[in-house]
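Structure first, commentary second.
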Amino acid sequence: MRSPEVISTSALLKWSAWTDCGKVRPNNEDAFLALRFDATEVQRLRKSGDASTAKTDFAFAVSDGMGGALAGEYASRIAVEKITTMLPRSFKQSATGFATDYDDVLTELFGEVHKALVYLGASYEECAGMEATLTLCWFTPGWMHFGHIGDSRLYYLPARENKIKQLSHDDTHVGWLFRNGKINEREARTHPRRSVLQKALGGGNQFVDPQLGAVGYENGDIFLLCTDGLIDGLYDDHVVEILRETNPGGATANSAQRLVKEAVEKSGRDNTTALVVEVI
């Protein structure tokens, strides 16, 4: 985390996103979102592009849905759709002079997604038991605020470093074992219960307690949001190699596509999604 006094007031963000069904599943239960918004306008962004944080905020998110039939697809779409209404509302309040409590806004957002999934799961047989993970980055001038629940991931690769940091905590017992040094990265990736979630949105989960945090960013920093399909195929060191080799100075428009394609080639047992955001 960097202190506020060394953070610039605005930056140029460059992003790329890609998703793939993988080799096994016939449908894609992953969803992603790239969004730019201010007090008057909300704009969905294309899979790749660049723009400044000087006058607008940005949100990037990935979600992995779960459930029978097409419930997983619906769950992940609902999770990202809620972002398009709730975050712009907070920007509007800030523009009129009200201070924004980012943690409160994100907590409310996750709670609303959870309630929507629980309601639909109870109302329609085809949606019974629908759940979703959600990992969200909210870029304001100088700061990236994030919220997370499930086993999708948020990574942070600081400028001029080759050690990637996992900011999100996997909401699994295997994730807890890894964070506490009881198993190594290889053991965590091959553990038979690595995908058994302890927390998610919707389904039978009674309480919503998302992980919240913030990082002060600078030029050259890279953030990666991804679903667990990517991690099934790539180790952290390989992720760094791809991000750095694509362009010695950082990520380019095809970073997410290359990550996903290599992960699917090496595994492909699950839907695979990556969203890369670089500060330039």
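Identifiers for the structure tokens are assigned positionally: chains receive A, B, ... in sequence, residues are indexed from 1 per chain, and ligands are indexed from 1 in the order shown.
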Could you give me, as a short mmCIF file (atom, residue, chain, number, x, y, z; two decimals) with N, CA and C atoms, in the first residue's frame, each residue of range 5-225 of chain A that DSSP assigns to strand (DSSP E or B) when run on this structure's backbone?
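Result written to out38.cif:
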data_model
loop_
_atom_site.label_atom_id
_atom_site.label_comp_id
_atom_site.auth_asym_id
_atom_site.auth_seq_id
_atom_site.Cartn_x
_atom_site.Cartn_y
_atom_site.Cartn_z
N LEU A 12 -3.69 7.31 -16.68
CA LEU A 12 -4.26 6.68 -17.86
C LEU A 12 -4.30 5.17 -17.61
N LEU A 13 -5.48 4.59 -17.76
CA LEU A 13 -5.65 3.16 -17.58
C LEU A 13 -5.73 2.49 -18.95
N LYS A 14 -5.08 1.35 -19.07
CA LYS A 14 -5.13 0.56 -20.30
C LYS A 14 -5.60 -0.84 -19.91
N TRP A 15 -6.63 -1.34 -20.56
CA TRP A 15 -7.20 -2.61 -20.14
C TRP A 15 -7.39 -3.56 -21.32
N SER A 16 -7.46 -4.85 -21.01
CA SER A 16 -7.83 -5.87 -22.00
C SER A 16 -8.53 -7.00 -21.27
N ALA A 17 -9.50 -7.64 -21.93
CA ALA A 17 -10.26 -8.73 -21.32
C ALA A 17 -10.47 -9.83 -22.35
N TRP A 18 -10.56 -11.08 -21.84
CA TRP A 18 -10.79 -12.21 -22.72
C TRP A 18 -11.42 -13.34 -21.90
N THR A 19 -12.27 -14.12 -22.55
CA THR A 19 -12.89 -15.27 -21.88
C THR A 19 -13.01 -16.43 -22.85
N ASP A 20 -13.00 -17.66 -22.31
CA ASP A 20 -13.06 -18.86 -23.13
C ASP A 20 -13.80 -19.95 -22.36
N ASP A 30 -18.72 -17.80 -16.86
CA ASP A 30 -17.98 -16.61 -16.45
C ASP A 30 -18.59 -15.36 -17.07
N ALA A 31 -18.41 -14.23 -16.40
CA ALA A 31 -18.80 -12.94 -16.95
C ALA A 31 -17.77 -11.91 -16.52
N PHE A 32 -17.59 -10.89 -17.34
CA PHE A 32 -16.69 -9.80 -16.95
C PHE A 32 -17.32 -8.46 -17.33
N LEU A 33 -16.78 -7.41 -16.73
CA LEU A 33 -17.32 -6.07 -16.97
C LEU A 33 -16.20 -5.05 -16.95
N ALA A 34 -16.25 -4.13 -17.92
CA ALA A 34 -15.39 -2.95 -17.91
C ALA A 34 -16.32 -1.75 -18.06
N LEU A 35 -16.23 -0.81 -17.12
CA LEU A 35 -17.22 0.27 -17.03
C LEU A 35 -16.54 1.59 -16.72
N ARG A 36 -17.00 2.64 -17.40
CA ARG A 36 -16.56 4.01 -17.07
C ARG A 36 -17.80 4.80 -16.69
N PHE A 37 -17.71 5.61 -15.64
CA PHE A 37 -18.90 6.32 -15.18
C PHE A 37 -18.53 7.61 -14.46
N VAL A 42 -23.04 6.53 -17.77
CA VAL A 42 -22.45 5.21 -17.55
C VAL A 42 -22.14 4.62 -18.92
N GLN A 43 -20.91 4.19 -19.11
CA GLN A 43 -20.50 3.67 -20.42
C GLN A 43 -19.83 2.31 -20.26
N ARG A 44 -20.42 1.30 -20.90
CA ARG A 44 -19.75 0.00 -20.97
C ARG A 44 -18.57 0.10 -21.94
N SER A 48 -10.95 -4.06 -24.95
CA SER A 48 -9.65 -3.42 -24.75
C SER A 48 -9.77 -1.93 -25.06
N GLY A 49 -8.88 -1.15 -24.43
CA GLY A 49 -8.90 0.29 -24.65
C GLY A 49 -8.06 1.00 -23.62
N ASP A 50 -8.11 2.32 -23.64
CA ASP A 50 -7.41 3.12 -22.64
C ASP A 50 -8.17 4.43 -22.43
N ALA A 51 -8.10 4.99 -21.23
CA ALA A 51 -8.81 6.22 -20.89
C ALA A 51 -8.25 6.77 -19.58
N SER A 52 -8.52 8.04 -19.34
CA SER A 52 -7.99 8.73 -18.16
C SER A 52 -8.97 8.70 -16.99
N ASP A 57 -14.62 7.69 -13.06
CA ASP A 57 -14.16 6.50 -12.36
C ASP A 57 -14.31 5.30 -13.29
N PHE A 58 -13.65 4.20 -12.93
CA PHE A 58 -13.71 2.98 -13.72
C PHE A 58 -13.96 1.79 -12.81
N ALA A 59 -14.71 0.82 -13.30
CA ALA A 59 -14.92 -0.42 -12.58
C ALA A 59 -14.63 -1.59 -13.51
N PHE A 60 -13.90 -2.56 -12.99
CA PHE A 60 -13.60 -3.79 -13.72
C PHE A 60 -13.96 -4.96 -12.80
N ALA A 61 -14.59 -5.98 -13.36
CA ALA A 61 -15.04 -7.08 -12.52
C ALA A 61 -15.06 -8.39 -13.29
N VAL A 62 -14.88 -9.49 -12.56
CA VAL A 62 -15.10 -10.83 -13.10
C VAL A 62 -15.98 -11.60 -12.12
N SER A 63 -16.77 -12.52 -12.67
CA SER A 63 -17.66 -13.33 -11.85
C SER A 63 -17.74 -14.73 -12.45
N ASP A 64 -17.78 -15.71 -11.58
CA ASP A 64 -17.90 -17.11 -11.99
C ASP A 64 -19.20 -17.64 -11.40
N GLY A 65 -20.14 -18.00 -12.27
CA GLY A 65 -21.44 -18.46 -11.81
C GLY A 65 -21.48 -19.97 -11.60
N MET A 66 -22.38 -20.39 -10.73
CA MET A 66 -22.55 -21.82 -10.42
C MET A 66 -24.03 -22.13 -10.29
N GLU A 131 -25.35 -19.52 -7.57
CA GLU A 131 -24.35 -18.80 -6.79
C GLU A 131 -23.38 -18.12 -7.75
N ALA A 132 -22.60 -17.19 -7.21
CA ALA A 132 -21.58 -16.53 -8.02
C ALA A 132 -20.45 -16.02 -7.14
N LEU A 134 -17.51 -12.97 -7.07
CA LEU A 134 -17.40 -11.62 -7.62
C LEU A 134 -16.12 -10.97 -7.13
N THR A 135 -15.32 -10.51 -8.08
CA THR A 135 -14.11 -9.77 -7.77
C THR A 135 -14.16 -8.47 -8.55
N LEU A 136 -14.06 -7.36 -7.84
CA LEU A 136 -14.31 -6.03 -8.41
C LEU A 136 -13.20 -5.06 -8.07
N CYS A 137 -12.75 -4.31 -9.07
CA CYS A 137 -11.80 -3.20 -8.88
C CYS A 137 -12.51 -1.89 -9.23
N TRP A 138 -12.37 -0.89 -8.38
CA TRP A 138 -12.98 0.42 -8.61
C TRP A 138 -11.86 1.44 -8.58
N PHE A 139 -11.56 2.02 -9.76
CA PHE A 139 -10.45 2.96 -9.88
C PHE A 139 -10.95 4.39 -9.75
N THR A 140 -10.42 5.09 -8.76
CA THR A 140 -10.62 6.52 -8.58
C THR A 140 -9.26 7.18 -8.74
N TRP A 143 -6.31 5.81 -6.43
CA TRP A 143 -6.61 4.64 -5.61
C TRP A 143 -7.42 3.61 -6.37
N MET A 144 -7.12 2.35 -6.09
CA MET A 144 -7.93 1.24 -6.57
C MET A 144 -8.58 0.60 -5.34
N HIS A 145 -9.90 0.68 -5.26
CA HIS A 145 -10.66 0.05 -4.18
C HIS A 145 -11.19 -1.27 -4.70
N PHE A 146 -11.19 -2.30 -3.85
CA PHE A 146 -11.65 -3.59 -4.34
C PHE A 146 -12.55 -4.30 -3.34
N GLY A 147 -13.41 -5.16 -3.89
CA GLY A 147 -14.26 -6.04 -3.11
C GLY A 147 -14.18 -7.43 -3.71
N HIS A 148 -14.31 -8.45 -2.86
CA HIS A 148 -14.11 -9.81 -3.35
C HIS A 148 -14.85 -10.82 -2.48
N ILE A 149 -15.41 -11.83 -3.15
CA ILE A 149 -15.94 -12.99 -2.44
C ILE A 149 -15.87 -14.19 -3.39
N ARG A 153 -9.93 -14.29 -8.58
CA ARG A 153 -8.78 -13.66 -7.93
C ARG A 153 -8.48 -12.25 -8.46
N LEU A 154 -7.82 -11.48 -7.59
CA LEU A 154 -7.28 -10.17 -7.93
C LEU A 154 -5.79 -10.19 -7.62
N TYR A 155 -4.98 -9.94 -8.66
CA TYR A 155 -3.54 -9.89 -8.51
C TYR A 155 -3.03 -8.47 -8.74
N TYR A 156 -1.88 -8.18 -8.15
CA TYR A 156 -1.25 -6.87 -8.25
C TYR A 156 0.23 -7.06 -8.56
N LEU A 157 0.66 -6.52 -9.71
CA LEU A 157 2.06 -6.57 -10.12
C LEU A 157 2.61 -5.15 -10.11
N LYS A 165 1.48 -10.21 -6.56
CA LYS A 165 0.87 -10.35 -5.24
C LYS A 165 -0.62 -10.64 -5.40
N GLN A 166 -1.10 -11.66 -4.72
CA GLN A 166 -2.53 -11.95 -4.72
C GLN A 166 -3.19 -11.12 -3.63
N THR A 172 -11.84 -20.54 0.40
CA THR A 172 -11.82 -22.00 0.50
C THR A 172 -10.90 -22.39 1.64
N LEU A 197 -16.10 -24.01 -2.17
CA LEU A 197 -16.21 -22.66 -1.62
C LEU A 197 -16.81 -22.67 -0.22
N LEU A 201 -21.84 -15.65 -3.30
CA LEU A 201 -23.07 -14.87 -3.33
C LEU A 201 -24.21 -15.77 -3.78
N GLY A 202 -25.36 -15.67 -3.11
CA GLY A 202 -26.51 -16.47 -3.46
C GLY A 202 -26.48 -17.83 -2.80
N GLN A 211 -14.44 -9.45 1.26
CA GLN A 211 -13.12 -8.89 1.57
C GLN A 211 -13.04 -7.53 0.88
N LEU A 212 -12.62 -6.51 1.61
CA LEU A 212 -12.50 -5.16 1.07
C LEU A 212 -11.09 -4.64 1.26
N GLY A 213 -10.66 -3.75 0.36
CA GLY A 213 -9.32 -3.19 0.50
C GLY A 213 -9.10 -2.07 -0.50
N ALA A 214 -7.91 -1.49 -0.46
CA ALA A 214 -7.55 -0.41 -1.38
C ALA A 214 -6.04 -0.41 -1.57
N VAL A 215 -5.63 -0.03 -2.78
CA VAL A 215 -4.21 0.07 -3.12
C VAL A 215 -3.98 1.41 -3.81
N GLY A 216 -2.98 2.14 -3.37
CA GLY A 216 -2.57 3.34 -4.08
C GLY A 216 -1.69 2.93 -5.25
N ILE A 222 0.29 -3.07 -12.65
CA ILE A 222 -0.65 -3.90 -13.40
C ILE A 222 -1.53 -4.66 -12.43
N PHE A 223 -2.82 -4.71 -12.72
CA PHE A 223 -3.78 -5.47 -11.93
C PHE A 223 -4.42 -6.53 -12.83
N LEU A 224 -4.58 -7.73 -12.30
CA LEU A 224 -5.18 -8.83 -13.04
C LEU A 224 -6.35 -9.39 -12.25
N LEU A 225 -7.53 -9.41 -12.87
CA LEU A 225 -8.69 -10.09 -12.32
C LEU A 225 -8.91 -11.35 -13.15
#
Would you list, as a PyMOL selection string, the residues of range 79-144 of chain A that end up in helix (DSSP H, G or I) under DSSP run on this structure's backbone?
chain A and resi 79-81+83-95+102-123+125-127
Using only C-alpha atoms, which of A:Thr133, A:Ser255, A:Ser90, A:Asn219 sits nearest Gln198 in chain A?
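Using only C-alpha atoms, the shortest distance to Gln198 in chain A belongs to A:Thr133.
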Can you tell me how far CA of Ala54 in chain A sits from CA of Thr40 in chain A, in Å to one decimal?
15.2 Å
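Excluding Pro141 in chain A itself and same-chain residues fewer than 5 positions from it, the residues having an atom within 7 Å of it are Thr9, Ser10, Ala11, Thr53 and Ala54 of chain A, counting only C-alpha atoms.
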Now that the selection is made, can you save its residues with C-alpha atoms as a compact mmCIF listing (two decimals), in the first residue's frame?
# COMPACT_ATOMS: atom_id res chain seq x y z
CA THR A 9 -4.46 12.75 -8.95
CA SER A 10 -5.16 11.05 -12.27
CA ALA A 11 -3.73 8.39 -14.54
CA THR A 53 -9.23 8.77 -14.56
CA ALA A 54 -9.15 12.60 -14.52
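Note that CA of Gly220 in chain A and CA of Arg46 in chain A are 21.7 Å apart.
For the pair CA of Lys182 in chain A and CA of Gly233 in chain A, the separation is 22.1 Å.
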Nearest-residue call for Ser195 in chain A, choices A:Asp209, A:Glu278, A:Asp151, A:Glu218, using only C-alpha atoms:
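Of A:Asp209, A:Glu278, A:Asp151, A:Glu218, the one nearest Ser195 in chain A is A:Asp151, counting only C-alpha atoms.
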